[in-house]
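**Q** Input final-v5.csv, format and content: CSV, C-alpha atoms and all ligand atoms.
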```csv
chain,number,residue,atom,x,y,z
J,5,MET,CA,43.5,-115.3,-29.2
J,6,ARG,CA,40.3,-117.2,-28.5
J,7,THR,CA,37.7,-117.4,-31.1
J,8,PHE,CA,34.1,-116.7,-30.8
J,9,LEU,CA,32.6,-116.0,-34.1
J,10,LEU,CA,29.1,-114.6,-34.5
J,11,ALA,CA,26.7,-115.7,-37.1
J,12,THR,CA,25.6,-112.1,-37.7
J,13,PRO,CA,28.0,-109.3,-37.2
J,14,TRP,CA,26.4,-107.1,-34.6
J,15,TRP,CA,27.5,-103.8,-36.1
J,16,CYS,CA,26.1,-104.8,-39.5
J,17,LEU,CA,22.6,-104.3,-38.3
J,18,VAL,CA,22.7,-100.7,-39.3
J,19,ALA,CA,25.5,-100.2,-41.7
J,20,CYS,CA,25.4,-103.3,-43.9
J,21,VAL,CA,21.9,-102.6,-45.1
J,22,GLU,CA,23.5,-100.0,-47.3
J,23,ALA,CA,26.5,-102.2,-48.2
J,24,LYS,CA,24.7,-105.0,-50.0
J,25,ASP,CA,27.4,-105.5,-52.6
J,26,ASP,CA,30.3,-105.2,-50.3
J,27,PRO,CA,32.4,-108.4,-50.4
J,28,SER,CA,33.8,-108.0,-46.8
J,29,PRO,CA,32.9,-110.8,-44.4
J,30,PHE,CA,31.2,-108.2,-42.2
J,31,ALA,CA,28.8,-107.3,-45.0
J,32,SER,CA,28.0,-110.8,-46.0
J,33,GLY,CA,26.1,-111.9,-42.9
J,34,ASP,CA,22.5,-113.0,-43.1
J,35,ARG,CA,20.0,-110.2,-43.6
J,36,VAL,CA,17.7,-110.8,-40.7
J,37,ALA,CA,17.7,-107.2,-39.7
J,38,GLU,CA,17.2,-106.0,-43.2
J,39,ASP,CA,14.4,-108.4,-44.0
J,40,THR,CA,12.4,-108.1,-40.8
J,41,GLY,CA,13.5,-104.9,-39.2
J,42,THR,CA,13.9,-106.7,-36.0
J,43,THR,CA,17.0,-107.6,-34.0
J,44,PRO,CA,18.3,-111.1,-34.7
J,45,ALA,CA,18.4,-113.4,-31.8
J,46,ASP,CA,22.1,-114.0,-32.4
J,47,ASP,CA,23.1,-110.4,-32.2
J,48,ALA,CA,25.8,-110.4,-29.7
J,49,PHE,CA,24.8,-107.2,-28.0
J,50,SER,CA,21.2,-108.2,-27.6
J,51,GLU,CA,22.5,-111.1,-25.7
J,52,ASP,CA,24.6,-109.1,-23.4
J,53,PRO,CA,22.9,-109.2,-20.0
J,54,ALA,CA,24.6,-105.9,-19.1
J,55,ASP,CA,23.4,-104.1,-22.2
J,56,ASP,CA,20.8,-101.7,-21.0
J,57,ASP,CA,21.3,-99.2,-23.9
J,58,THR,CA,22.3,-96.5,-21.5
J,59,ALA,CA,25.4,-95.3,-19.8
J,60,ASP,CA,23.7,-93.1,-17.2
J,61,GLY,CA,24.0,-95.5,-14.4
J,62,ASP,CA,20.5,-96.8,-14.2
J,63,SER,CA,21.6,-100.4,-14.6
J,64,GLY,CA,23.2,-102.2,-11.7
J,65,ALA,CA,25.5,-104.0,-14.2
J,66,ARG,CA,27.3,-100.9,-15.4
J,67,ARG,CA,29.0,-98.2,-13.5
J,68,ALA,CA,28.1,-94.7,-14.6
J,69,GLY,CA,30.3,-93.7,-17.5
J,70,ARG,CA,32.0,-90.5,-18.4
J,71,CYS,CA,31.4,-88.7,-21.7
J,72,GLU,CA,32.7,-85.7,-23.5
J,73,ALA,CA,31.6,-85.4,-27.1
J,74,ARG,CA,30.9,-82.4,-29.3
J,75,PHE,CA,29.8,-82.5,-32.9
J,76,THR,CA,29.1,-79.9,-35.6
J,77,VAL,CA,26.9,-80.6,-38.7
J,78,ARG,CA,27.6,-78.2,-41.6
J,79,TYR,CA,25.0,-77.8,-44.2
J,80,LEU,CA,25.6,-76.8,-47.8
J,81,ASP,CA,23.9,-73.4,-47.4
J,82,GLY,CA,26.6,-72.4,-44.8
J,83,THR,CA,24.5,-73.0,-41.7
J,84,ALA,CA,25.7,-75.3,-39.0
J,85,SER,CA,24.5,-77.1,-35.9
J,86,THR,CA,26.7,-77.8,-32.9
J,87,PHE,CA,25.6,-80.1,-30.1
J,88,ASP,CA,26.9,-81.9,-27.1
J,89,GLY,CA,26.3,-85.7,-27.6
J,90,CYS,CA,26.4,-86.8,-24.0
J,91,ALA,CA,22.8,-86.3,-23.0
J,92,ASP,CA,22.2,-89.9,-24.0
J,93,TRP,CA,25.2,-91.9,-25.1
J,94,ASP,CA,26.4,-95.5,-25.3
J,95,LEU,CA,29.6,-97.4,-25.9
J,96,GLU,CA,29.3,-101.0,-26.9
J,97,THR,CA,32.4,-103.1,-27.3
J,98,ARG,CA,33.6,-106.6,-27.9
J,99,TYR,CA,37.0,-108.0,-27.0
J,100,ALA,CA,39.7,-110.3,-28.2
J,101,PHE,CA,41.4,-111.9,-25.1
J,102,ASP,CA,45.0,-112.9,-24.9
J,103,PRO,CA,46.9,-114.6,-22.1
J,104,ASP,CA,49.9,-112.3,-22.4
J,105,VAL,CA,48.5,-108.8,-23.1
J,106,PRO,CA,45.4,-106.8,-22.1
J,107,PRO,CA,42.3,-107.3,-24.2
J,108,GLU,CA,42.0,-105.6,-27.6
J,109,ILE,CA,38.7,-104.1,-28.7
J,110,SER,CA,37.8,-106.2,-31.6
J,111,ALA,CA,34.7,-104.1,-32.5
J,112,ALA,CA,33.0,-101.0,-31.2
J,113,SER,CA,29.8,-99.0,-31.6
J,114,LEU,CA,29.3,-95.5,-30.2
J,115,HIS,CA,26.0,-93.6,-30.0
J,116,PHE,CA,25.7,-89.9,-29.0
J,117,ASP,CA,22.4,-88.0,-28.7
J,118,ALA,CA,21.9,-84.4,-27.7
J,119,TRP,CA,18.6,-85.4,-26.1
J,120,ASP,CA,17.8,-87.8,-23.4
J,121,GLU,CA,14.1,-87.8,-24.4
J,122,GLU,CA,13.0,-90.5,-26.8
J,123,SER,CA,10.8,-88.2,-28.8
J,124,PHE,CA,13.6,-85.9,-29.8
J,125,VAL,CA,16.6,-87.0,-31.9
J,126,CYS,CA,19.8,-85.3,-32.6
J,127,GLU,CA,22.3,-88.1,-32.8
J,128,VAL,CA,25.4,-89.6,-34.4
J,129,ARG,CA,26.4,-93.2,-34.5
J,130,LEU,CA,29.8,-94.6,-35.1
J,131,GLN,CA,30.5,-98.2,-36.1
J,132,LEU,CA,34.0,-99.8,-36.0
J,133,GLY,CA,33.7,-103.3,-37.3
J,134,TYR,CA,37.3,-104.0,-36.4
J,135,LEU,CA,39.2,-101.7,-34.1
J,136,CYS,CA,42.6,-103.2,-34.1
J,137,ALA,CA,44.5,-100.3,-32.5
J,138,ALA,CA,44.6,-96.5,-32.4
J,139,GLY,CA,44.8,-94.9,-35.9
J,140,THR,CA,42.7,-93.6,-38.7
J,141,TYR,CA,39.9,-95.7,-40.1
J,142,PRO,CA,38.6,-94.5,-43.5
J,143,LEU,CA,34.8,-95.0,-43.9
J,144,SER,CA,34.2,-98.4,-45.5
J,145,ALA,CA,31.8,-101.3,-45.4
J,146,GLN,CA,32.9,-102.0,-41.9
J,147,THR,CA,33.6,-98.5,-40.6
J,148,GLY,CA,30.5,-96.2,-40.7
J,149,VAL,CA,29.2,-92.9,-39.4
J,150,SER,CA,25.5,-92.0,-39.6
J,151,TRP,CA,23.6,-89.1,-38.1
J,152,SER,CA,20.1,-87.8,-37.6
J,153,THR,CA,19.3,-84.1,-37.4
J,154,GLN,CA,15.5,-84.0,-36.8
J,155,ASP,CA,15.8,-82.1,-33.5
J,156,CYS,CA,19.3,-80.6,-33.8
J,157,PRO,CA,19.8,-77.0,-32.7
J,158,ASP,CA,20.0,-74.3,-35.4
J,159,THR,CA,18.7,-76.8,-38.1
J,160,SER,CA,16.0,-75.6,-40.5
J,161,ALA,CA,13.2,-78.0,-41.3
J,162,TYR,CA,14.8,-78.3,-44.8
J,163,HIS,CA,17.9,-79.9,-43.3
J,164,GLU,CA,16.2,-82.3,-41.0
J,165,GLY,CA,16.9,-85.9,-41.9
J,166,ASN,CA,19.0,-89.1,-41.6
J,167,LEU,CA,22.3,-89.2,-43.3
J,168,THR,CA,25.2,-91.6,-43.8
J,169,GLY,CA,28.8,-90.7,-44.4
J,170,SER,CA,30.0,-91.7,-47.8
J,171,THR,CA,33.5,-90.4,-47.3
J,172,GLY,CA,35.5,-89.5,-44.3
J,173,TYR,CA,37.0,-91.3,-41.3
J,174,ILE,CA,37.0,-92.1,-37.6
J,175,ASP,CA,40.3,-91.2,-36.1
J,176,VAL,CA,40.9,-93.2,-32.9
J,177,TRP,CA,43.4,-91.3,-30.8
J,178,SER,CA,43.7,-93.9,-28.0
J,179,VAL,CA,42.2,-97.1,-26.8
J,180,ASP,CA,42.6,-98.1,-23.1
J,181,ASN,CA,41.4,-101.4,-21.6
J,182,GLY,CA,43.6,-101.4,-18.5
J,183,ARG,CA,46.6,-103.6,-18.0
J,184,GLN,CA,45.2,-106.9,-17.0
J,185,ALA,CA,45.9,-109.8,-19.4
J,186,GLY,CA,44.1,-113.1,-19.9
J,187,ASP,CA,40.5,-114.2,-20.4
J,188,LEU,CA,38.4,-111.5,-18.8
J,189,GLU,CA,35.1,-112.6,-20.3
J,190,GLY,CA,32.2,-111.8,-18.0
J,191,GLN,CA,34.3,-109.5,-15.8
J,192,ASP,CA,33.8,-105.8,-15.4
J,193,LEU,CA,36.2,-104.0,-17.7
J,194,LEU,CA,36.8,-100.3,-17.8
J,195,THR,CA,37.2,-99.1,-21.4
J,196,ARG,CA,38.2,-95.7,-22.6
J,197,LEU,CA,38.0,-94.5,-26.3
J,198,ARG,CA,39.1,-91.1,-27.5
J,199,GLY,CA,39.1,-89.8,-31.0
J,200,ALA,CA,37.6,-87.7,-33.7
J,201,LEU,CA,35.5,-88.1,-36.8
J,202,ARG,CA,34.7,-86.3,-40.0
J,203,ALA,CA,32.3,-87.6,-42.6
J,204,VAL,CA,30.6,-86.2,-45.7
J,205,SER,CA,27.2,-87.5,-47.0
J,206,ASP,CA,26.4,-87.8,-50.6
J,207,ASP,CA,24.5,-84.5,-50.5
J,208,GLY,CA,27.5,-82.7,-49.2
J,209,THR,CA,26.5,-82.4,-45.5
J,210,VAL,CA,29.5,-82.6,-43.2
J,211,ILE,CA,29.6,-83.9,-39.6
J,212,GLU,CA,32.8,-83.5,-37.5
J,213,GLY,CA,33.6,-83.7,-33.9
J,214,THR,CA,35.5,-85.3,-31.1
J,215,PHE,CA,34.7,-87.8,-28.4
J,216,ASP,CA,36.2,-89.1,-25.2
J,217,VAL,CA,34.2,-91.8,-23.4
J,218,GLU,CA,34.9,-94.1,-20.6
J,219,GLN,CA,32.6,-96.9,-19.4
J,220,GLU,CA,32.7,-100.0,-17.4
J,221,VAL,CA,31.2,-102.9,-19.3
J,222,VAL,CA,30.8,-106.7,-18.8
J,223,ALA,CA,33.5,-108.0,-21.2
J,224,ALA,CA,32.2,-110.2,-24.0
J,225,ALA,CA,34.4,-111.9,-26.6
J,226,TYR,CA,34.3,-111.4,-30.3
J,227,ALA,CA,37.1,-112.4,-32.7
J,228,SER,CA,36.7,-110.3,-35.8
J,229,ASP,CA,37.5,-112.0,-39.1
J,230,ALA,CA,37.6,-108.6,-40.8
J,231,THR,CA,40.8,-106.9,-42.0
J,232,CYS,CA,42.4,-104.2,-40.0
J,233,GLU,CA,41.7,-101.1,-42.1
J,234,ARG,CA,43.7,-98.7,-39.9
J,235,VAL,CA,45.9,-96.2,-41.8
J,236,VAL,CA,48.2,-93.4,-40.8
J,237,GLY,CA,46.0,-90.4,-41.3
J,238,ASP,CA,47.8,-88.0,-39.0
J,239,ALA,CA,51.5,-88.3,-39.8
J,240,ASP,CA,52.5,-85.2,-37.9
J,241,ARG,CA,50.4,-86.1,-34.9
J,242,ASP,CA,48.7,-82.7,-34.6
J,243,ARG,CA,45.3,-84.3,-34.2
J,244,ALA,CA,44.3,-83.3,-37.7
J,245,VAL,CA,43.9,-85.9,-40.5
J,246,ASN,CA,45.3,-85.2,-43.9
J,247,VAL,CA,43.1,-83.9,-46.7
J,248,ALA,CA,43.7,-87.0,-48.8
J,249,LEU,CA,41.6,-88.9,-46.3
J,250,GLY,CA,38.9,-86.2,-46.1
J,251,GLY,CA,40.5,-84.4,-43.1
J,252,LEU,CA,41.5,-80.8,-42.8
J,253,ASP,CA,45.2,-80.9,-42.3
J,254,CYS,CA,46.6,-79.3,-45.5
J,255,ASN,CA,50.2,-80.2,-44.6
J,256,ASP,CA,50.4,-83.4,-42.7
J,257,ASP,CA,54.2,-83.4,-42.6
J,258,ASP,CA,54.4,-80.2,-40.5
J,259,PRO,CA,52.7,-79.9,-37.1
J,260,ALA,CA,53.3,-76.2,-37.3
J,261,VAL,CA,50.8,-75.9,-40.1
J,262,SER,CA,47.7,-76.2,-38.1
J,263,THR,CA,44.0,-76.4,-38.5
J,264,THR,CA,43.4,-74.5,-35.3
J,265,ASP,CA,43.1,-70.8,-35.2
J,266,GLU,CA,45.8,-69.7,-32.8
J,267,ASP,CA,45.3,-65.9,-32.9
J,268,GLY,CA,41.5,-66.1,-32.9
J,269,ASP,CA,40.9,-64.2,-36.2
J,270,GLY,CA,38.7,-66.9,-37.6
J,271,TYR,CA,41.3,-68.5,-39.8
J,272,SER,CA,43.8,-71.3,-39.3
J,273,VAL,CA,47.0,-71.6,-41.4
J,274,CYS,CA,45.2,-74.2,-43.4
J,275,ASP,CA,42.4,-71.6,-43.9
J,276,LEU,CA,45.2,-69.4,-45.4
J,277,ASP,CA,46.0,-67.3,-42.4
J,278,CYS,CA,49.5,-66.2,-43.4
J,279,ASP,CA,50.3,-65.0,-39.9
J,280,ASP,CA,48.5,-67.0,-37.2
J,281,THR,CA,50.2,-65.0,-34.4
J,282,ASP,CA,48.5,-61.7,-35.4
J,283,ALA,CA,44.8,-61.4,-35.5
J,284,ALA,CA,45.1,-58.2,-37.5
J,285,VAL,CA,46.7,-60.2,-40.4
J,286,GLY,CA,44.5,-62.8,-42.2
J,287,PRO,CA,42.7,-63.5,-45.4
J,288,GLY,CA,41.5,-60.2,-46.8
J,289,SER,CA,43.8,-58.2,-44.6
J,290,GLY,CA,47.4,-58.6,-45.6
J,291,CYS,CA,47.3,-62.3,-46.6
J,292,ASP,CA,46.5,-61.9,-50.3
J,293,TYR,CA,48.7,-63.7,-52.8
J,294,VAL,CA,50.7,-61.5,-55.0
J,295,SER,CA,52.6,-63.8,-57.3
J,296,ILE,CA,51.8,-67.0,-59.2
J,297,GLY,CA,53.9,-69.8,-60.6
J,298,GLY,CA,52.9,-73.0,-62.4
J,299,GLY,CA,49.7,-73.5,-64.3
J,300,ILE,CA,47.6,-76.2,-65.8
J,301,THR,CA,47.9,-79.0,-68.4
J,302,VAL,CA,44.9,-79.8,-70.4
J,303,ASP,CA,44.6,-83.2,-72.1
J,304,GLY,CA,42.4,-81.9,-74.9
J,305,TYR,CA,44.9,-79.1,-75.7
J,306,PRO,CA,48.4,-80.3,-75.3
J,307,GLY,CA,51.0,-77.5,-75.2
J,308,LEU,CA,48.4,-74.9,-74.2
J,309,THR,CA,50.0,-72.1,-72.1
J,310,MET,CA,48.1,-69.4,-70.3
J,311,ALA,CA,49.0,-66.2,-68.6
J,312,TRP,CA,47.6,-66.1,-65.2
J,313,SER,CA,46.4,-63.1,-63.1
J,314,PHE,CA,44.5,-62.6,-59.9
J,315,VAL,CA,41.0,-61.3,-59.9
J,316,ASP,CA,38.6,-60.4,-57.1
J,317,PRO,CA,36.6,-63.5,-56.2
J,318,ALA,CA,33.6,-61.3,-55.3
J,319,THR,CA,33.3,-60.5,-59.0
J,320,THR,CA,33.4,-64.2,-60.2
J,321,PRO,CA,31.0,-67.2,-60.1
J,322,CYS,CA,32.7,-68.3,-56.9
J,323,PRO,CA,32.5,-65.3,-54.5
J,324,SER,CA,33.3,-67.6,-51.5
J,325,CYS,CA,36.6,-68.6,-53.0
J,326,ALA,CA,39.8,-67.6,-51.2
J,327,PHE,CA,41.6,-66.6,-54.4
J,328,THR,CA,40.7,-66.6,-58.1
J,329,LEU,CA,42.9,-66.8,-61.1
J,330,TRP,CA,42.1,-66.0,-64.7
J,331,GLY,CA,43.9,-67.9,-67.3
J,332,ALA,CA,44.2,-66.1,-70.7
J,333,VAL,CA,45.6,-67.1,-74.1
J,334,ASP,CA,46.7,-64.1,-76.1
J,335,SER,CA,44.9,-61.8,-73.6
J,336,THR,CA,41.6,-63.7,-74.1
J,337,PRO,CA,40.3,-65.1,-70.8
J,338,MET,CA,39.8,-68.8,-71.1
J,339,LEU,CA,39.6,-70.4,-67.7
J,340,LEU,CA,38.8,-69.3,-64.2
J,341,VAL,CA,40.5,-71.3,-61.5
J,342,ALA,CA,39.8,-70.8,-57.8
J,343,TYR,CA,40.1,-72.3,-54.4
J,344,ASP,CA,36.8,-72.8,-52.5
J,345,ARG,CA,37.9,-72.6,-48.8
J,346,ALA,CA,34.5,-73.7,-47.5
J,347,VAL,CA,34.7,-77.2,-49.1
J,348,ARG,CA,38.5,-77.2,-49.7
J,349,ALA,CA,38.1,-77.9,-53.4
J,350,ALA,CA,39.3,-76.4,-56.7
J,351,TYR,CA,36.7,-74.5,-58.6
J,352,LEU,CA,37.0,-74.2,-62.3
J,353,TRP,CA,34.8,-72.2,-64.6
J,354,THR,CA,34.8,-72.4,-68.4
J,355,PHE,CA,32.4,-70.6,-70.6
J,356,GLY,CA,29.2,-70.8,-68.6
J,357,GLU,CA,30.0,-74.0,-66.8
J,358,GLY,CA,31.4,-74.6,-63.3
J,359,PHE,CA,33.2,-77.6,-61.9
J,360,THR,CA,34.6,-78.5,-58.5
J,361,SER,CA,36.9,-81.2,-57.5
J,362,PRO,CA,39.0,-82.1,-54.4
J,363,ALA,CA,42.2,-80.1,-54.2
J,364,THR,CA,45.1,-79.6,-51.9
J,365,LEU,CA,46.6,-76.3,-50.8
J,366,VAL,CA,49.7,-76.9,-48.9
J,367,PRO,CA,51.1,-73.9,-47.1
J,368,SER,CA,54.9,-73.7,-46.5
J,369,GLY,CA,57.5,-71.1,-45.8
J,370,ALA,CA,58.3,-69.9,-49.3
J,371,TYR,CA,55.0,-70.5,-51.1
J,372,ASP,CA,51.7,-72.3,-51.0
J,373,ARG,CA,51.2,-75.1,-53.5
J,374,PHE,CA,47.7,-75.6,-54.9
J,375,THR,CA,47.1,-78.8,-56.9
J,376,PHE,CA,44.1,-80.6,-58.3
J,377,HIS,CA,43.1,-83.0,-60.9
J,378,MET,CA,39.7,-82.9,-62.8
J,379,SER,CA,38.6,-85.6,-65.1
J,380,ASP,CA,36.6,-85.2,-68.3
J,381,VAL,CA,35.9,-81.4,-68.0
J,382,SER,CA,33.6,-80.8,-70.9
J,383,ASP,CA,35.6,-81.0,-74.2
J,384,TRP,CA,38.8,-80.0,-72.4
J,385,GLY,CA,39.3,-83.5,-71.1
J,386,ASP,CA,41.4,-84.0,-68.0
J,387,ILE,CA,42.8,-80.9,-66.4
J,388,GLU,CA,45.7,-81.0,-64.0
J,389,GLY,CA,46.5,-77.9,-62.0
J,390,ASP,CA,49.7,-77.2,-60.2
J,391,PHE,CA,50.2,-73.6,-58.9
J,392,TYR,CA,52.7,-72.0,-56.7
J,393,LEU,CA,51.3,-69.0,-54.8
J,394,SER,CA,53.3,-66.5,-52.8
J,395,TYR,CA,52.5,-63.6,-50.5
J,396,ARG,CA,55.6,-61.7,-51.7
C,401,CA,CA,48.1,-84.0,-39.0
C,402,CA,CA,44.3,-67.3,-37.2
C,403,CA,CA,46.2,-64.0,-38.3
```
So that I can check it, write out the structure of this file as structure tokens.
Ligand SMILES: [Ca+2]
Ligand SMILES: [Ca+2]
Ligand SMILES: [Ca+2]
**A**
Amino acid sequence: MRTFLLATPWWCLVACVEAKDDPSPFASGDRVAEDTGTTPADDAFSEDPADDDTADGDSGARRAGRCEARFTVRYLDGTASTFDGCADWDLETRYAFDPDVPPEISAASLHFDAWDEESFVCEVRLQLGYLCAAGTYPLSAQTGVSWSTQDCPDTSAYHEGNLTGSTGYIDVWSVDNGRQAGDLEGQDLLTRLRGALRAVSDDGTVIEGTFDVEQEVVAAAYASDATCERVVGDADRDRAVNVALGGLDCNDDDPAVSTTDEDGDGYSVCDLDCDDTDAAVGPGSGCDYVSIGGGITVDGYPGLTMAWSFVDPATTPCPSCAFTLWGAVDSTPMLLVAYDRAVRAAYLWTFGEGFTSPATLVPSGAYDRFTFHMSDVSDWGDIEGDFYLSYR
């Protein structure tokens, strides 16, 4: 590999402003962009003679690219905005060259905007500080997703703003730079990137979507000194990342348990469609749980046992929940435990107080398993939930 280190990591110009304390080498570059708001002279992309900030073919240096990209922003009030990001888009890449194998993309930046007019903005930006290979990249100091919703469709004025993903991932499905090996710096290089993303901001707004872009660029070198942060986020390779990484695949060991709605009734198996071949059968119509196993352990009350029963979510503090259980001690209701399908979280309610926390609900043939862990729940302490729910 040849080495061409940059004084200021190019991708840092946006993301590192918010990662001041991050120890990664990408976050520790000088703060020219942060201090002055201008682009540093040593920013690699600003030096790129082919970088015209567009991919629509109006530069002689680049051939017109190809873009498919669709994103949905989901707001906490249940509204959503879906847009095509290819009206104005850009793929920027740097490469590590090798005499024996085709170039690797050492770093990548993607920008998608629903508008090609400068005065309107509905965009998402992806930063991959080190793209070592296809795989799942959890958001970090060097992997970032940010988006702006000022002029997005179906977005109320209340939801307009600029957001940054605090959790989530960029899932790179494939990276293709052709088959030519060697030092290709300065040559035209056709690069294709395909993948998906899902990110959640601190205020709970979610962005998700897929992209497939191909563009010819003038190859420039950049040897990243960052660590490859790629992980296996889609073990069953069904194009859905597991819930532990912020994805929607509730069972990442079984490609048959899908996040897509096969029968078109509005629910996937992960959304608790117990028969995804029959649109007449789904949550609320034949998919209700009828038996419960397991329960909770409460740190503050060791040995506590509760009798659990189903109650109608519509009559509880979590009417949007997919199912709700009352836990009672000696027939006195003590705890309400529910699964909030909209945010895929456990909902717990004690006398007057509600709590949510990440939870997993793993469908399988015999029963669905619902687990969660909540820390410091009022004077109950830590609560660990482990339930087995069956349709029969
Ligand atoms: Ca999967
Ligand atoms: Ca379905
Ligand atoms: Ca169904």
**Q** Go through chain J residue by residue and, counting only C-alpha atoms and all ligand atoms, keep those with an atom at most 7 Å from ligand CA 403 (chain C); for each kept residue give the shortest atom pair and its distance in Å to one decimal, ordered by chain and increasing number, as a tab-separated table.
**A**
```
residue	atom	partner	partner_atom	distance
J:Asp267	CA	C:CA403	CA	5.8
J:Asp269	CA	C:CA403	CA	5.7
J:Tyr271	CA	C:CA403	CA	6.8
J:Asp277	CA	C:CA403	CA	5.3
J:Cys278	CA	C:CA403	CA	6.5
J:Asp279	CA	C:CA403	CA	4.5
J:Asp280	CA	C:CA403	CA	3.9
J:Thr281	CA	C:CA403	CA	5.7
J:Asp282	CA	C:CA403	CA	4.4
J:Ala283	CA	C:CA403	CA	4.1
J:Ala284	CA	C:CA403	CA	6.0
J:Val285	CA	C:CA403	CA	4.4
J:Gly286	CA	C:CA403	CA	4.4
```
**Q** Export C-alpha atoms of the chosen residues as a compact mmCIF listing (two decimals), in the frame of the given file?
**A**
```txt
# COMPACT_ATOMS: atom_id res chain seq x y z
CA ASP J 267 45.30 -65.90 -32.90
CA ASP J 269 40.90 -64.20 -36.20
CA TYR J 271 41.30 -68.50 -39.80
CA ASP J 277 46.00 -67.30 -42.40
CA CYS J 278 49.50 -66.20 -43.40
CA ASP J 279 50.30 -65.00 -39.90
CA ASP J 280 48.50 -67.00 -37.20
CA THR J 281 50.20 -65.00 -34.40
CA ASP J 282 48.50 -61.70 -35.40
CA ALA J 283 44.80 -61.40 -35.50
CA ALA J 284 45.10 -58.20 -37.50
CA VAL J 285 46.70 -60.20 -40.40
CA GLY J 286 44.50 -62.80 -42.20
```
**Q** So that I can check the surroundings of Gly356 (chain J), please list as a ChimeraX atom specification every protein, DNA and RNA residue that reaches within 12 Å of it, counting all atoms listed in the file and ignoring chain neighbours fewer than 4 positions away.
**A** /J:320-321,338-340,352,382
**Q** Identify, on the basis of only C-alpha atoms, every residue whose closest approach to region 78-95 of chain J does not exceed 6 Å; exclude the query and any residue fewer than 6 positions from it along the same chain; express the result as a ChimeraX atom specification.
**A** /J:58-59,71,113-120,157-158,209-210
**Q** Looking at all atoms listed in the file, which of J:Leu252, J:Val366, J:Leu308, J:Ala346 is the one that sits closest to ligand CA 401 (chain C)?
**A**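 Of J:Leu252, J:Val366, J:Leu308, J:Ala346, the one nearest ligand CA 401 (chain C), counting all atoms listed in the file, is J:Leu252.
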**Q** Using all atoms listed in the file, which residue out of J:Ala350, J:Gly268, J:Gly304, J:Ser379 lies closest to ligand CA 402 (chain C)?
**A**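 Using all atoms listed in the file, the shortest distance to ligand CA 402 (chain C) belongs to J:Gly268.
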**Q** When you look at Gly148 (chain J) with a cut-off of 7 Å (counting only C-alpha atoms), what residues show up, excluding the ones that are within fewer than 3 positions of it in the same chain? I need them as a PyMOL selection string.
**A** chain J and resi 19+130-132+143-144+169
**Q** Counting all atoms listed in the file, which residues of chain J sit at most 6 Å from some atom of ligand CA 401 (chain C), and what is each one's closest atom pair with its distance in Å to one decimal, listed by chain and rising residue number, as a Markdown table?
**A**
```
| residue | atom | partner | partner_atom | distance |
| --- | --- | --- | --- | --- |
| J:Asp238 | CA | C:CA401 | CA | 4.0 |
| J:Ala239 | CA | C:CA401 | CA | 5.5 |
| J:Asp240 | CA | C:CA401 | CA | 4.7 |
| J:Arg241 | CA | C:CA401 | CA | 5.1 |
| J:Asp242 | CA | C:CA401 | CA | 4.6 |
| J:Arg243 | CA | C:CA401 | CA | 5.6 |
| J:Ala244 | CA | C:CA401 | CA | 4.1 |
| J:Val245 | CA | C:CA401 | CA | 4.8 |
| J:Asn246 | CA | C:CA401 | CA | 5.8 |
| J:Asp253 | CA | C:CA401 | CA | 5.4 |
| J:Asp256 | CA | C:CA401 | CA | 4.4 |
```
**Q** Counting all atoms listed in the file, which of J:Asp316, J:Asp175, J:Asp292, J:Glu266 gets nearest to ligand CA 402 (chain C)?
**A**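 The shortest atom-to-atom distance to ligand CA 402 (chain C) comes from J:Glu266.
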**Q** Taking all atoms listed in the file into account, which of J:Met310, J:Ala137, J:Ala224, J:Ile387 comes nearest Val179 (chain J)?
**A**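 Result for the nearest residue to Val179 (chain J): J:Ala137.
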**Q** What's the 6 Å shell around Tyr173 (chain J), counting only C-alpha atoms, without same-chain residues fewer than 3 positions away, as an mmCIF file with C-alpha atoms, in the frame of the given file?
**A**
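The result, written out as part.cif:
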```
data_model
loop_
_atom_site.group_PDB
_atom_site.id
_atom_site.type_symbol
_atom_site.label_atom_id
_atom_site.label_comp_id
_atom_site.auth_asym_id
_atom_site.auth_seq_id
_atom_site.Cartn_x
_atom_site.Cartn_y
_atom_site.Cartn_z
ATOM 1 C CA TYR J 141 39.900 -95.700 -40.100
ATOM 2 C CA PRO J 142 38.600 -94.500 -43.500
ATOM 3 C CA LEU J 143 34.800 -95.000 -43.900
ATOM 4 C CA LEU J 201 35.500 -88.100 -36.800
ATOM 5 C CA ARG J 202 34.700 -86.300 -40.000
#
```
**Q** So which residues touch Leu276 (chain J) within 12 Å, counting all atoms listed in the file, skipping near sequence neighbours fewer than 4 positions away, as a VMD selection string?
**A** chain J and resid 253 to 255 261 to 265 269 to 272 280 285 to 293 325 to 327 343 to 346 348 365 to 368 371 to 374 393 to 395
**Q** What does the distance from CA of Thr168 (chain J) to CA of Ser205 (chain J) come to in Å, to one decimal?
**A**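 It comes out at 5.6 Å.
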**Q** Would you compute the distance between CA of Thr159 (chain J) and CA of Ala200 (chain J)? Give it in Å to one decimal.
**A**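 Separation of CA of Thr159 (chain J) and CA of Ala200 (chain J): 22.3 Å.
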**Q** Using all atoms listed in the file for the distances, tell me which of J:Val341, J:Val236, J:Ala363, J:Cys274 is nearest to ligand CA 402 (chain C).
**A**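 Going through J:Val341, J:Val236, J:Ala363, J:Cys274 one by one, the smallest distance to ligand CA 402 (chain C) is for J:Cys274.
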**Q** Would you mind telling me which residue in J:Gln146, J:Thr336, J:Thr76, J:Ser160 lies nearest to Glu212 (chain J) when using only C-alpha atoms?
**A**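 Among J:Gln146, J:Thr336, J:Thr76, J:Ser160, it is J:Thr76 that comes nearest to Glu212 (chain J).
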